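Scroll down for the structure; my scribbles are underneath it.
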Amino acid sequence: MGSGGRGRGRLHPLQRGRRGHGGPARRRRRRAGRPGRLTTGPGARFVHPTTTRGRTSEVGDTRLGVDVGGTFTDLVALVDGRLHTTKVPSTPDDESAGVMAAVRSVDVGEVRSFAHGMTVATNALLERRGARTALVTTEGFRDVIEIGRQDRAHLYDLTRGRPPALVPRELRFCVRERMGPDGVVEALDAGSVRRAVAALRAADVEAVAVCLLFSFLHPGHERRVGEAVRDALPGAHVSLSSEVLPEFREYERFSTTVADAYLGPRLGRYLRALGRRARAAGLPVPEIMQSSGGVIGLEAAASGPARCILSGPAGGVVGAAHVGAASGHADLLTFDMGGTSTDVAPIHGGEVETTTESEVAGVPIKLPMVD
């Protein structure tokens, strides 16, 4: 998918608010950035409403934005107040090559800021092209990610199945331990940790999610298991639920952490390769668009890919809100069709709504995302 992909996109239920106990999905709103003022005519410049010592300053430095979709990679550069755009084919084997091809196609001069959105993680979930991932959890709870909750998208369709779990049952391993809300109920058994680590080695996995009960309150056991896994599998991406989503509700916490691990190797390789290519070309290391519509550093995104699952779609919605507000339209419906999927989002009163109760490709993700 991607804002540039104009192939024969199919409408996909990419994201829906989760509803629990019959009530409406809970949503957390984030106010969209205040719009700048647009002037028109020859030599038009974008004037941002920031001030320096009480005076409005014009943007003169080159700003670069690149969005990678499943079909095309799009570049927009603001150079001396003028917009430059280009579109090149995406390069799925190494998306960073397509990004740099787009950059080379325009004379951007000296770049002061570089923002990047992509659908690499989105499409990996949709097409199930993530890493071979294992789960380590408290004994007796390895099926939490498959049992899920008693809710169905199609309540009366008894033949409708659920997407398969990202981690098959044979790659879910248990350790003997138990934390409760007040602390240790059963001490972590070192022998069970050794057996789980040996099983992980034999399974030849690329990523591991570690999700223990009550680790959001008491992460000690989970951290010890994570250290053992990292020592034994130094090349694997290891995600701890106490770091990815330190909140209660086991199913959503487990699911989000598993998704983080599943996407980690692919997104990490891509973003770090992009960072190296950018530095070699004399460009700043790009800031990465999050699913919530903000940006984070490249290494933070590579280490925590679950935050960037809707990176590309979020950028489109935030941009639409900005342009809509600048043109006097506060209520909008955005429509972003790409080569893999299509995204639709409302904007009310100039605000981009976010939610922490979403599903992407059938996987609950309890992190802030555009709604």
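Identifiers in the structure tokens: chain A, B, ... in order shown; residue index from 1 per chain; ligand index from 1 in order shown.
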What lies within 7 Å of A:Ser242 using only C-alpha atoms, ignoring chain neighbours under 5 positions off, as a list in words? Ser215, Phe216 and Pro219 of chain A
Would you export the selected residues with N, CA and C atoms as a compact mmCIF listing (two decimals), in the first residue's frame, please?
```txt
# COMPACT_ATOMS: atom_id res chain seq x y z
N SER A 215 3.92 -8.65 34.35
CA SER A 215 5.23 -8.01 34.15
C SER A 215 5.09 -6.50 33.99
N PHE A 216 3.90 -6.02 33.67
CA PHE A 216 3.71 -4.57 33.56
C PHE A 216 3.84 -3.90 34.92
N PRO A 219 8.43 -6.30 36.48
CA PRO A 219 9.12 -6.82 35.30
C PRO A 219 10.36 -7.65 35.58
```
DSSP on the backbone: which residues in stretch 312-362 of chain A end up as helix (DSSP H, G or I)? Give the answer as an MDAnalysis selection string. chainID A and resid 312:326
Requested write-out: N, CA and C atoms of the selected residues, as a short mmCIF file (atom, residue, chain, number, x, y, z; two decimals), in the first residue's frame:
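Final file, again_1.cif:
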```cif
data_model
loop_
_atom_site.label_atom_id
_atom_site.label_comp_id
_atom_site.auth_asym_id
_atom_site.auth_seq_id
_atom_site.Cartn_x
_atom_site.Cartn_y
_atom_site.Cartn_z
N GLY A 312 2.89 5.11 7.27
CA GLY A 312 2.50 5.78 6.03
C GLY A 312 1.09 6.35 6.07
N PRO A 313 0.08 5.54 6.42
CA PRO A 313 -1.28 6.07 6.51
C PRO A 313 -1.42 7.24 7.48
N ALA A 314 -0.70 7.20 8.60
CA ALA A 314 -0.79 8.30 9.58
C ALA A 314 -0.29 9.61 8.98
N GLY A 315 0.80 9.54 8.22
CA GLY A 315 1.32 10.75 7.59
C GLY A 315 0.32 11.37 6.63
N GLY A 316 -0.39 10.52 5.89
CA GLY A 316 -1.39 11.03 4.97
C GLY A 316 -2.53 11.74 5.67
N VAL A 317 -2.98 11.18 6.80
CA VAL A 317 -4.09 11.78 7.54
C VAL A 317 -3.67 13.12 8.16
N VAL A 318 -2.49 13.15 8.77
CA VAL A 318 -2.02 14.39 9.38
C VAL A 318 -1.82 15.47 8.32
N GLY A 319 -1.26 15.07 7.17
CA GLY A 319 -1.09 16.04 6.09
C GLY A 319 -2.41 16.56 5.56
N ALA A 320 -3.40 15.67 5.45
CA ALA A 320 -4.72 16.09 4.97
C ALA A 320 -5.37 17.07 5.94
N ALA A 321 -5.20 16.83 7.24
CA ALA A 321 -5.76 17.75 8.24
C ALA A 321 -5.11 19.12 8.12
N HIS A 322 -3.82 19.14 7.90
CA HIS A 322 -3.09 20.41 7.78
C HIS A 322 -3.55 21.20 6.55
N VAL A 323 -3.62 20.52 5.41
CA VAL A 323 -4.04 21.20 4.18
C VAL A 323 -5.50 21.62 4.27
N GLY A 324 -6.33 20.74 4.84
CA GLY A 324 -7.74 21.09 4.98
C GLY A 324 -7.95 22.33 5.83
N ALA A 325 -7.23 22.40 6.96
CA ALA A 325 -7.37 23.56 7.83
C ALA A 325 -6.88 24.83 7.13
N ALA A 326 -5.77 24.71 6.38
CA ALA A 326 -5.23 25.87 5.68
C ALA A 326 -6.17 26.38 4.60
#
```
For A:Tyr270: contacts at 8 Å, only C-alpha atoms, fewer than 5 positions along chain excluded, given as an NGL selection string: :A and (94-96)
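Between atom CA of A:Lys87 and atom CA of A:Gly117 the interatomic distance comes to 14.4 Å.
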